[in-house]
Every structure is written in structure tokens, then in C-alpha cells.
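Source file: query-v3.cif (mmCIF, C-alpha atoms)
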```
data_structure
loop_
_atom_site.label_atom_id
_atom_site.label_comp_id
_atom_site.auth_asym_id
_atom_site.auth_seq_id
_atom_site.Cartn_x
_atom_site.Cartn_y
_atom_site.Cartn_z
CA MET A 187 25.41 29.30 -1.07
CA VAL A 188 21.86 28.24 -0.17
CA ASP A 189 21.77 25.81 -3.10
CA ALA A 190 25.15 24.41 -2.05
CA ALA A 191 24.01 24.03 1.56
CA TYR A 192 20.78 22.37 0.42
CA ALA A 193 22.64 19.90 -1.80
CA ALA A 194 25.25 19.09 0.87
CA LEU A 195 22.73 18.59 3.66
CA LYS A 196 20.40 16.56 1.47
CA LYS A 197 23.29 14.30 0.41
CA ALA A 198 24.31 13.84 4.04
CA ILE A 199 20.75 12.83 4.95
CA LEU A 200 20.27 10.45 2.01
CA GLU A 201 23.62 8.78 2.69
CA SER A 202 22.85 8.63 6.44
CA SER A 203 25.83 10.78 7.46
CA PHE A 204 23.05 12.56 9.33
CA ALA A 205 21.10 9.50 10.38
CA PRO A 206 17.34 9.32 11.04
CA GLY A 207 16.61 10.72 14.47
CA TYR A 208 19.76 12.88 14.52
CA HIS A 209 18.97 16.10 16.39
CA ALA A 210 21.21 19.15 16.29
CA SER A 211 21.21 22.92 16.17
CA GLU A 212 21.58 24.70 12.86
CA GLN A 213 24.97 25.94 14.06
CA GLU A 214 26.18 22.40 14.73
CA ILE A 215 24.98 21.25 11.30
CA ALA A 216 26.71 24.24 9.68
CA LEU A 217 29.97 23.37 11.45
CA ARG A 218 29.78 19.74 10.33
CA LEU A 219 29.18 20.86 6.74
CA GLY A 220 31.90 23.52 6.92
CA MET A 221 29.42 26.28 6.06
CA SER A 222 28.00 29.39 7.64
CA ARG A 223 24.68 29.24 9.49
CA THR A 224 22.63 31.52 7.22
CA PRO A 225 22.56 29.32 4.07
CA VAL A 226 22.11 26.24 6.26
CA HIS A 227 19.05 27.87 7.84
CA GLU A 228 17.50 28.46 4.40
CA ALA A 229 18.42 24.93 3.30
CA VAL A 230 16.75 23.46 6.39
CA ILE A 231 13.51 25.26 5.54
CA ARG A 232 13.55 23.75 2.03
CA LEU A 233 14.35 20.29 3.37
CA GLN A 234 11.44 20.53 5.78
CA GLU A 235 9.18 21.12 2.77
CA ASP A 236 10.71 17.97 1.25
CA GLY A 237 9.79 15.99 4.36
CA LEU A 238 13.40 15.16 5.24
CA VAL A 239 13.73 17.27 8.41
CA ARG A 240 11.58 18.86 11.08
CA VAL A 241 12.38 22.26 12.53
CA LEU A 242 11.70 22.16 16.26
CA SER A 243 10.93 25.55 17.73
CA ARG A 244 13.98 26.69 19.74
CA ARG A 245 15.21 23.09 19.83
CA GLY A 246 17.08 22.74 16.55
CA VAL A 247 16.56 20.38 13.62
CA LEU A 248 15.49 16.73 13.62
CA ILE A 249 16.32 14.36 10.74
CA CYS A 250 13.05 12.57 9.98
CA ALA A 251 12.73 8.81 10.19
CA LEU A 252 10.30 6.70 8.17
CA ALA A 253 8.04 4.09 9.72
CA LEU A 254 6.79 0.98 7.92
CA GLU A 255 3.40 2.62 7.45
CA ASP A 256 5.14 5.57 5.77
CA MET A 257 6.73 3.18 3.28
CA ARG A 258 3.36 1.59 2.54
CA GLU A 259 1.88 5.02 1.85
CA ILE A 260 4.85 5.99 -0.31
CA TYR A 261 4.43 2.91 -2.46
CA ASP A 262 0.70 3.63 -2.85
CA VAL A 263 1.62 7.01 -4.33
CA ILE A 264 4.45 5.66 -6.50
CA ILE A 265 2.24 2.92 -7.94
CA ALA A 266 -0.47 5.41 -8.85
CA VAL A 267 1.78 8.15 -10.25
CA GLU A 268 4.12 5.90 -12.24
CA GLY A 269 1.17 4.03 -13.69
CA ARG A 270 -0.27 7.26 -15.05
CA ALA A 271 3.15 8.40 -16.25
CA ALA A 272 3.57 5.18 -18.24
CA GLU A 273 0.16 5.74 -19.85
CA LEU A 274 1.12 9.28 -20.83
CA LEU A 275 4.43 8.16 -22.32
CA ALA A 276 2.78 5.42 -24.35
CA SER A 277 0.38 8.04 -25.72
CA LEU A 278 3.12 10.30 -27.10
CA PRO A 279 3.73 10.62 -30.86
CA ASP A 280 5.93 7.93 -32.39
CA ALA A 281 9.19 9.91 -32.48
CA GLU A 282 8.85 11.08 -28.87
CA ARG A 283 7.99 7.58 -27.68
CA GLY A 284 11.09 6.30 -29.40
CA SER A 285 13.29 8.88 -27.68
CA VAL A 286 11.84 8.13 -24.24
CA ALA A 287 12.09 4.38 -24.79
CA ALA A 288 15.75 4.72 -25.77
CA GLU A 289 16.53 6.64 -22.58
CA LEU A 290 14.70 4.10 -20.42
CA ALA A 291 16.43 1.24 -22.23
CA SER A 292 19.84 2.80 -21.62
CA GLU A 293 19.25 2.88 -17.86
CA THR A 294 17.83 -0.65 -17.89
CA GLU A 295 20.90 -2.01 -19.66
CA ALA A 296 23.07 -0.19 -17.10
CA MET A 297 21.13 -2.10 -14.44
CA ALA A 298 21.74 -5.37 -16.26
CA ARG A 299 25.49 -4.72 -16.39
CA ALA A 300 25.60 -3.73 -12.73
CA TRP A 301 23.68 -6.86 -11.77
CA LYS A 302 26.10 -9.03 -13.75
CA ASP A 303 29.05 -7.31 -12.03
CA SER A 304 27.41 -7.56 -8.56
CA ASP A 305 27.67 -3.77 -8.28
CA LEU A 306 24.61 -3.05 -6.16
CA PRO A 307 25.17 0.72 -5.73
CA ALA A 308 25.42 1.12 -9.53
CA TRP A 309 22.29 -1.02 -9.91
CA GLY A 310 20.43 1.20 -7.46
CA GLN A 311 21.55 4.40 -9.19
CA ALA A 312 20.52 3.17 -12.66
CA ASP A 313 17.18 1.95 -11.30
CA ALA A 314 16.55 5.35 -9.71
CA ARG A 315 17.37 7.11 -13.00
CA PHE A 316 14.94 4.83 -14.88
CA HIS A 317 12.06 5.63 -12.55
CA ARG A 318 12.91 9.33 -12.44
CA ALA A 319 12.94 9.54 -16.24
CA LEU A 320 9.68 7.58 -16.45
CA VAL A 321 7.88 10.33 -14.53
CA GLU A 322 9.81 13.39 -15.72
CA ARG A 323 9.34 12.59 -19.42
CA ALA A 324 5.57 12.48 -18.89
CA ARG A 325 5.71 16.29 -18.63
CA ASN A 326 3.50 16.68 -15.59
CA GLY A 327 5.29 18.98 -13.20
CA ARG A 328 3.12 18.16 -10.22
CA MET A 329 3.67 14.43 -10.62
CA THR A 330 7.42 15.02 -10.91
CA ARG A 331 7.53 17.08 -7.71
CA ILE A 332 5.44 14.58 -5.76
CA VAL A 333 7.55 11.59 -6.80
CA GLN A 334 10.84 13.40 -6.21
CA THR A 335 9.81 14.20 -2.64
CA ILE A 336 8.76 10.68 -1.74
CA ASN A 337 11.75 9.14 -3.53
CA ASP A 338 14.04 11.28 -1.39
CA GLN A 339 12.18 10.14 1.71
CA SER A 340 12.36 6.43 0.81
CA HIS A 341 15.94 6.41 -0.56
CA ARG A 342 17.52 5.10 2.66
CA ALA A 343 15.16 2.14 2.88
CA ARG A 344 15.77 1.13 -0.73
CA MET A 345 19.56 1.33 -0.48
CA LEU A 346 19.66 -0.36 2.92
CA THR A 347 17.81 -3.43 1.65
CA LEU A 348 19.54 -3.95 -1.72
CA LYS A 349 21.72 -6.78 -0.39
CA LEU A 350 18.71 -8.46 1.21
CA ARG A 351 16.35 -8.41 -1.77
CA ARG A 352 16.36 -11.59 -3.87
CA GLU A 353 14.42 -10.40 -6.90
CA LEU A 354 16.61 -7.55 -8.15
CA GLY A 355 17.36 -9.48 -11.31
CA SER A 356 13.65 -9.55 -12.17
CA SER A 357 13.55 -5.78 -12.41
CA VAL A 358 15.46 -5.74 -15.72
CA ALA A 359 12.89 -7.97 -17.44
CA GLU A 360 10.03 -5.98 -15.92
CA HIS A 361 11.55 -2.69 -17.08
CA ARG A 362 11.95 -4.10 -20.58
CA ALA A 363 8.24 -5.02 -20.64
CA VAL A 364 7.33 -1.43 -19.73
CA ILE A 365 9.64 -0.07 -22.43
CA LYS A 366 8.18 -2.39 -25.05
CA ALA A 367 4.63 -1.26 -24.24
CA ILE A 368 5.70 2.39 -24.51
CA GLN A 369 7.44 1.72 -27.83
CA ARG A 370 4.29 0.08 -29.22
CA GLY A 371 2.03 2.89 -28.03
CA GLU A 372 0.03 0.69 -25.65
CA PRO A 373 -0.98 2.84 -22.63
CA ALA A 374 -2.99 0.15 -20.83
CA GLU A 375 -0.19 -2.40 -21.16
CA ALA A 376 2.43 0.11 -20.01
CA GLN A 377 0.34 0.93 -16.95
CA ILE A 378 -0.18 -2.73 -16.07
CA HIS A 379 3.52 -3.58 -16.37
CA ILE A 380 4.75 -0.72 -14.20
CA HIS A 381 1.96 -1.33 -11.67
CA ASP A 382 2.89 -5.00 -11.33
CA HIS A 383 6.61 -4.16 -11.15
CA ARG A 384 6.17 -1.68 -8.31
CA LEU A 385 3.70 -3.92 -6.51
CA ARG A 386 6.20 -6.79 -6.53
CA ALA A 387 8.97 -4.50 -5.27
CA ARG A 388 6.73 -3.27 -2.44
CA ASP A 389 5.72 -6.80 -1.46
CA GLU A 390 9.38 -7.79 -1.33
CA LEU A 391 10.72 -4.72 0.50
CA LEU A 392 8.19 -4.27 3.31
CA PRO A 393 8.46 -7.82 4.73
CA ILE A 394 12.25 -7.45 4.78
CA LEU A 395 12.02 -4.28 6.84
CA GLU A 396 9.52 -5.91 9.18
CA SER A 397 11.46 -9.16 9.60
CA PHE A 398 14.62 -7.30 10.57
CA GLY A 399 12.74 -5.09 13.01
CA LEU A 400 13.52 -1.94 11.06
CA THR A 401 10.52 0.01 12.29
CA HIS A 402 12.15 3.41 11.65
CA LEU A 403 14.54 4.30 8.83
#
```

Written form, C-alpha cells:
Amino acid sequence: MVDAAYAALKKAILESSFAPGYHASEQEIALRLGMSRTPVHEAVIRLQEDGLVRVLSRRGVLICALALEDMREIYDVIIAVEGRAAELLASLPDAERGSVAAELASETEAMARAWKDSDLPAWGQADARFHRALVERARNGRMTRIVQTINDQSHRARMLTLKLRRELGSSVAEHRAVIKAIQRGEPAEAQIHIHDHRLRARDELLPILESFGLTHL
């Protein structure tokens, strides 16, 4: 029941059913989710560790909002962690590199199809799977946990701006360059390609948020 409450509440937060700044008691949240209070209480504690909520003493639960500076910090971490992950993947034995590259290529081609079909939600989901696999397949549990937490925190901003970002089509070519470097066993090249890809995405996303006055997400 705790796992179910955690999954349901996290989904509601990421999809903005519980919007940033929403403040409620655990009982009210439980009623909205159709669950009992006890598993919701445990789920809230876990989500606070994820940085998605704040438990206010005797005043309920607050859904956390992200400021522009938070997004800048998140991208600093993503750029560093994914760069190292790409290096690790490109250093794997040939057979393992081939398996990882095939998985990354599958998600990249799903992005290409979604882009062609103007299906932005599908594009966003395939892109998220690519970046999740990039880190998870590097077999560093701490890196995986760090990136999962900050990806959860930044999910709303990424999905909110998909229709406003003009360079989504570039991501497919950039992903393919990363994959090629991993396939060839070139750690430095893999690191450079993912670094430049994430840097471009950051430099596109943050001005959009600022220009629309989206100071908290």
C-alpha cells in the first residue's frame, strides 16, 4: 500500500494534478487519492527525501516548486553525471557496449518517429528513457539515484516547455553522435557529445522559462 501511495502521489505531482505550491493535509491528499492516511503518510516521507514535497510541522504537506536557479543547478549536475556515465559506457567491453548502444538507439529512433508524427508527449517519454538508460547502464548506483531525484524534480519544466522549444529535432542527431562514440569505444568523444547536447538543451530551456516569467514551476 505504501508503494502504491508513493507511485500515485508521485504521478500526481509530476503531472501537476497536485500543482507546485499546493498545500494540504495528509488526510486531504489521501481522500483525493482514494487511499487511507497511513500509507500516504509514509509515501510523503519518501517524497520529501526525493525533494518533491516538504512536510510542514502541524501544517500539512507542501508540493515543492522549482525556481530558475534550481533548474540551473539541476543542469549542472546532469551535465557532470551524464558525461561521466557516457565515459563509463564507452569503456565497457565490446559486447556490452553493443547491447547498451542498441538500447539507446531504440529510444532515439522512437524519438525520431514521435518527432515526425508531432507527438510531443511520446518524444518526451522516449527522450527520458534514453537519458535514464544512459546513466543506469553505467552501473553506478549513486549516480543513478542522484539523477533520478533531479529528473523527477525537473520533469514539469521539461514537459511544460516542449511546445516552445525549437531545437527538439536536433536531439536525435546529438543522441546518435553519443551512441556512435559509445559503439566505437571512445570515452572522451562520448563525454564531449553528451556534454554539448545537455548544454544546448539548458541554454534553450532556461531563457524560455525566463521570457515567459515562469519563475516557479

Inset, instruction - Compile the contact shell of A:Ala296 as a PyMOL selection string: residues with an atom at most 10 Å away, counting all atoms listed in the file, same-chain residues fewer than 6 positions apart removed. - result: chain A and resi 290+302+308-309+311-313+316+358

Inset, instruction - Let me know the residues the PyMOL selection byres ((chain A and resi 202-214) around 10) catches in the file above, as a PyMOL selection string. - result: chain A and resi 195-201+215-227+230+238-242+244-252+342+402-403

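The two atoms in question, atom CA of A:Ala298 and atom CA of A:Leu354, are spaced 9.8 Å apart.
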
Return as a tab-separated table the residues of stretch 295-392 of chain A lying at most 9 Å from stretch 264-287 of chain A, together with the closest atom-to-atom pair for each and the distance in Å to one decimal, counting all atoms listed in the file, with rows in chain order and ascending residue number.
```
residue	atom	partner	partner_atom	distance
A:His317	CA	A:Glu268	CA	8.0
A:Ala319	CA	A:Val286	CA	8.2
A:Leu320	CA	A:Ala271	CA	6.6
A:Val321	CA	A:Ala271	CA	5.4
A:Glu322	CA	A:Ala271	CA	8.3
A:Arg323	CA	A:Val286	CA	7.0
A:Ala324	CA	A:Ala271	CA	5.4
A:Arg325	CA	A:Ala271	CA	8.6
A:Asn326	CA	A:Ala271	CA	8.3
A:Met329	CA	A:Val267	CA	6.6
A:Thr330	CA	A:Val267	CA	8.9
A:Ile332	CA	A:Val267	CA	8.7
A:Val333	CA	A:Ile264	CA	6.7
A:Ile336	CA	A:Ile264	CA	8.2
A:Asn337	CA	A:Ile264	CA	8.6
A:Val364	CA	A:Ala272	CA	7.7
A:Ile365	CA	A:Ala287	CA	5.6
A:Lys366	CA	A:Ala287	CA	7.8
A:Ala367	CA	A:Ala276	CA	6.9
A:Ile368	CA	A:Ala276	CA	4.2
A:Gln369	CA	A:Arg283	CA	5.9
A:Arg370	CA	A:Ala276	CA	7.4
A:Gly371	CA	A:Ala276	CA	4.5
A:Glu372	CA	A:Ala276	CA	5.6
A:Pro373	CA	A:Glu273	CA	4.2
A:Ala374	CA	A:Glu273	CA	6.5
A:Glu375	CA	A:Glu273	CA	8.3
A:Ala376	CA	A:Ala272	CA	5.5
A:Gln377	CA	A:Gly269	CA	4.6
A:Ile378	CA	A:Gly269	CA	7.3
A:His379	CA	A:Gly269	CA	8.4
A:Ile380	CA	A:Gly269	CA	6.0
A:His381	CA	A:Ile265	CA	5.7
A:Asp382	CA	A:Ile265	CA	8.6
A:His383	CA	A:Ile265	CA	8.9
A:Arg384	CA	A:Ile265	CA	6.1
A:Leu385	CA	A:Ile265	CA	7.1
```

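From atom CA of A:Glu396 back to atom CA of A:Glu353, the distance works out to 17.4 Å.
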
Inset, instruction - Name the closest residue to A:His361 among the candidates A:Leu346, A:Ala291, A:Ala191, A:Leu391; distances are taken between atoms, counting all atoms listed in the file. - result: A:Ala291

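Interatomic distance, atom CA of A:Tyr192 to atom CA of A:Arg318: 19.9 Å.
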
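Of the listed residues (A:Asp338, A:Glu289, A:Asp389, A:Asp305), A:Glu289 comes nearest to A:Arg362; the distances count only C-alpha atoms.
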
Legend entry - Residue with smallest distance to A:Glu235 - pool A:Thr294, A:Arg315, A:His341, A:Thr335, counting only C-alpha atoms: A:Thr335

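Nearest to A:Arg388 of all the residues A:Asp189, A:Asp236, A:Asp262, A:Asp303 is A:Asp262, counting all atoms listed in the file.
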
Please, what is the axis-aligned box for every listed atom of stretch 354-364 of chain A with 3 Å on each side, as centre and edge lengths in Å to one decimal, as JSON?
```
{"center_x": 12.3, "center_y": -5.5, "center_z": -14.4, "size_x": 16.0, "size_y": 14.1, "size_z": 18.5}
```

Any chance you could build stretch 198-229 of chain A out to N, CA and C atoms and write it as a short mmCIF file (atom, residue, chain, number, x, y, z; two decimals), keeping the file's coordinate frame?
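Wrote it out as part-v7.cif, contents follow:
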```
data_model
loop_
_atom_site.label_atom_id
_atom_site.label_comp_id
_atom_site.auth_asym_id
_atom_site.auth_seq_id
_atom_site.Cartn_x
_atom_site.Cartn_y
_atom_site.Cartn_z
N ALA A 198 23.95 14.41 2.74
CA ALA A 198 24.31 13.84 4.04
C ALA A 198 23.16 13.05 4.64
N ILE A 199 21.93 13.53 4.43
CA ILE A 199 20.75 12.83 4.95
C ILE A 199 20.51 11.54 4.17
N LEU A 200 20.55 11.63 2.83
CA LEU A 200 20.27 10.45 2.01
C LEU A 200 21.31 9.36 2.20
N GLU A 201 22.55 9.76 2.49
CA GLU A 201 23.62 8.78 2.69
C GLU A 201 23.79 8.40 4.15
N SER A 202 22.88 8.93 5.00
CA SER A 202 22.85 8.63 6.44
C SER A 202 24.07 9.13 7.21
N SER A 203 24.80 10.10 6.65
CA SER A 203 25.83 10.78 7.46
C SER A 203 25.14 11.52 8.60
N PHE A 204 23.96 12.06 8.31
CA PHE A 204 23.05 12.56 9.33
C PHE A 204 21.92 11.54 9.40
N ALA A 205 22.00 10.64 10.34
CA ALA A 205 21.10 9.50 10.38
C ALA A 205 19.70 9.89 10.84
N PRO A 206 18.70 9.08 10.55
CA PRO A 206 17.34 9.32 11.04
C PRO A 206 17.34 9.45 12.55
N GLY A 207 16.66 10.48 13.04
CA GLY A 207 16.61 10.72 14.47
C GLY A 207 17.71 11.64 14.98
N TYR A 208 18.69 11.95 14.12
CA TYR A 208 19.76 12.88 14.52
C TYR A 208 19.16 14.25 14.80
N HIS A 209 19.54 14.84 15.93
CA HIS A 209 18.97 16.10 16.39
C HIS A 209 20.11 17.06 16.71
N ALA A 210 20.11 18.21 16.07
CA ALA A 210 21.21 19.15 16.29
C ALA A 210 20.72 20.57 16.02
N SER A 211 21.50 21.52 16.47
CA SER A 211 21.21 22.92 16.17
C SER A 211 21.66 23.23 14.74
N GLU A 212 21.14 24.29 14.19
CA GLU A 212 21.58 24.70 12.86
C GLU A 212 23.07 25.05 12.87
N GLN A 213 23.55 25.59 13.97
CA GLN A 213 24.97 25.94 14.06
C GLN A 213 25.84 24.70 14.02
N GLU A 214 25.42 23.64 14.73
CA GLU A 214 26.18 22.40 14.73
C GLU A 214 26.20 21.77 13.33
N ILE A 215 25.05 21.79 12.66
CA ILE A 215 24.98 21.25 11.30
C ILE A 215 25.89 22.05 10.38
N ALA A 216 25.86 23.38 10.51
CA ALA A 216 26.71 24.24 9.68
C ALA A 216 28.19 23.92 9.90
N LEU A 217 28.57 23.69 11.15
CA LEU A 217 29.97 23.37 11.45
C LEU A 217 30.36 22.04 10.82
N ARG A 218 29.48 21.05 10.90
CA ARG A 218 29.78 19.74 10.33
C ARG A 218 29.89 19.81 8.81
N LEU A 219 29.12 20.71 8.19
CA LEU A 219 29.18 20.86 6.74
C LEU A 219 30.27 21.82 6.30
N GLY A 220 30.88 22.53 7.26
CA GLY A 220 31.90 23.52 6.92
C GLY A 220 31.32 24.74 6.24
N MET A 221 30.12 25.15 6.68
CA MET A 221 29.42 26.28 6.06
C MET A 221 28.98 27.26 7.14
N SER A 222 28.53 28.42 6.69
CA SER A 222 28.00 29.39 7.64
C SER A 222 26.54 29.06 7.94
N ARG A 223 26.02 29.62 9.02
CA ARG A 223 24.68 29.24 9.49
C ARG A 223 23.57 29.75 8.58
N THR A 224 23.73 30.92 7.99
CA THR A 224 22.63 31.52 7.22
C THR A 224 22.16 30.65 6.05
N PRO A 225 23.05 30.20 5.15
CA PRO A 225 22.56 29.32 4.07
C PRO A 225 22.04 27.98 4.58
N VAL A 226 22.61 27.49 5.68
CA VAL A 226 22.11 26.24 6.26
C VAL A 226 20.69 26.43 6.76
N HIS A 227 20.41 27.57 7.36
CA HIS A 227 19.05 27.87 7.84
C HIS A 227 18.06 27.82 6.68
N GLU A 228 18.39 28.45 5.56
CA GLU A 228 17.50 28.46 4.40
C GLU A 228 17.37 27.04 3.82
N ALA A 229 18.46 26.30 3.81
CA ALA A 229 18.42 24.93 3.30
C ALA A 229 17.52 24.06 4.17
#
```
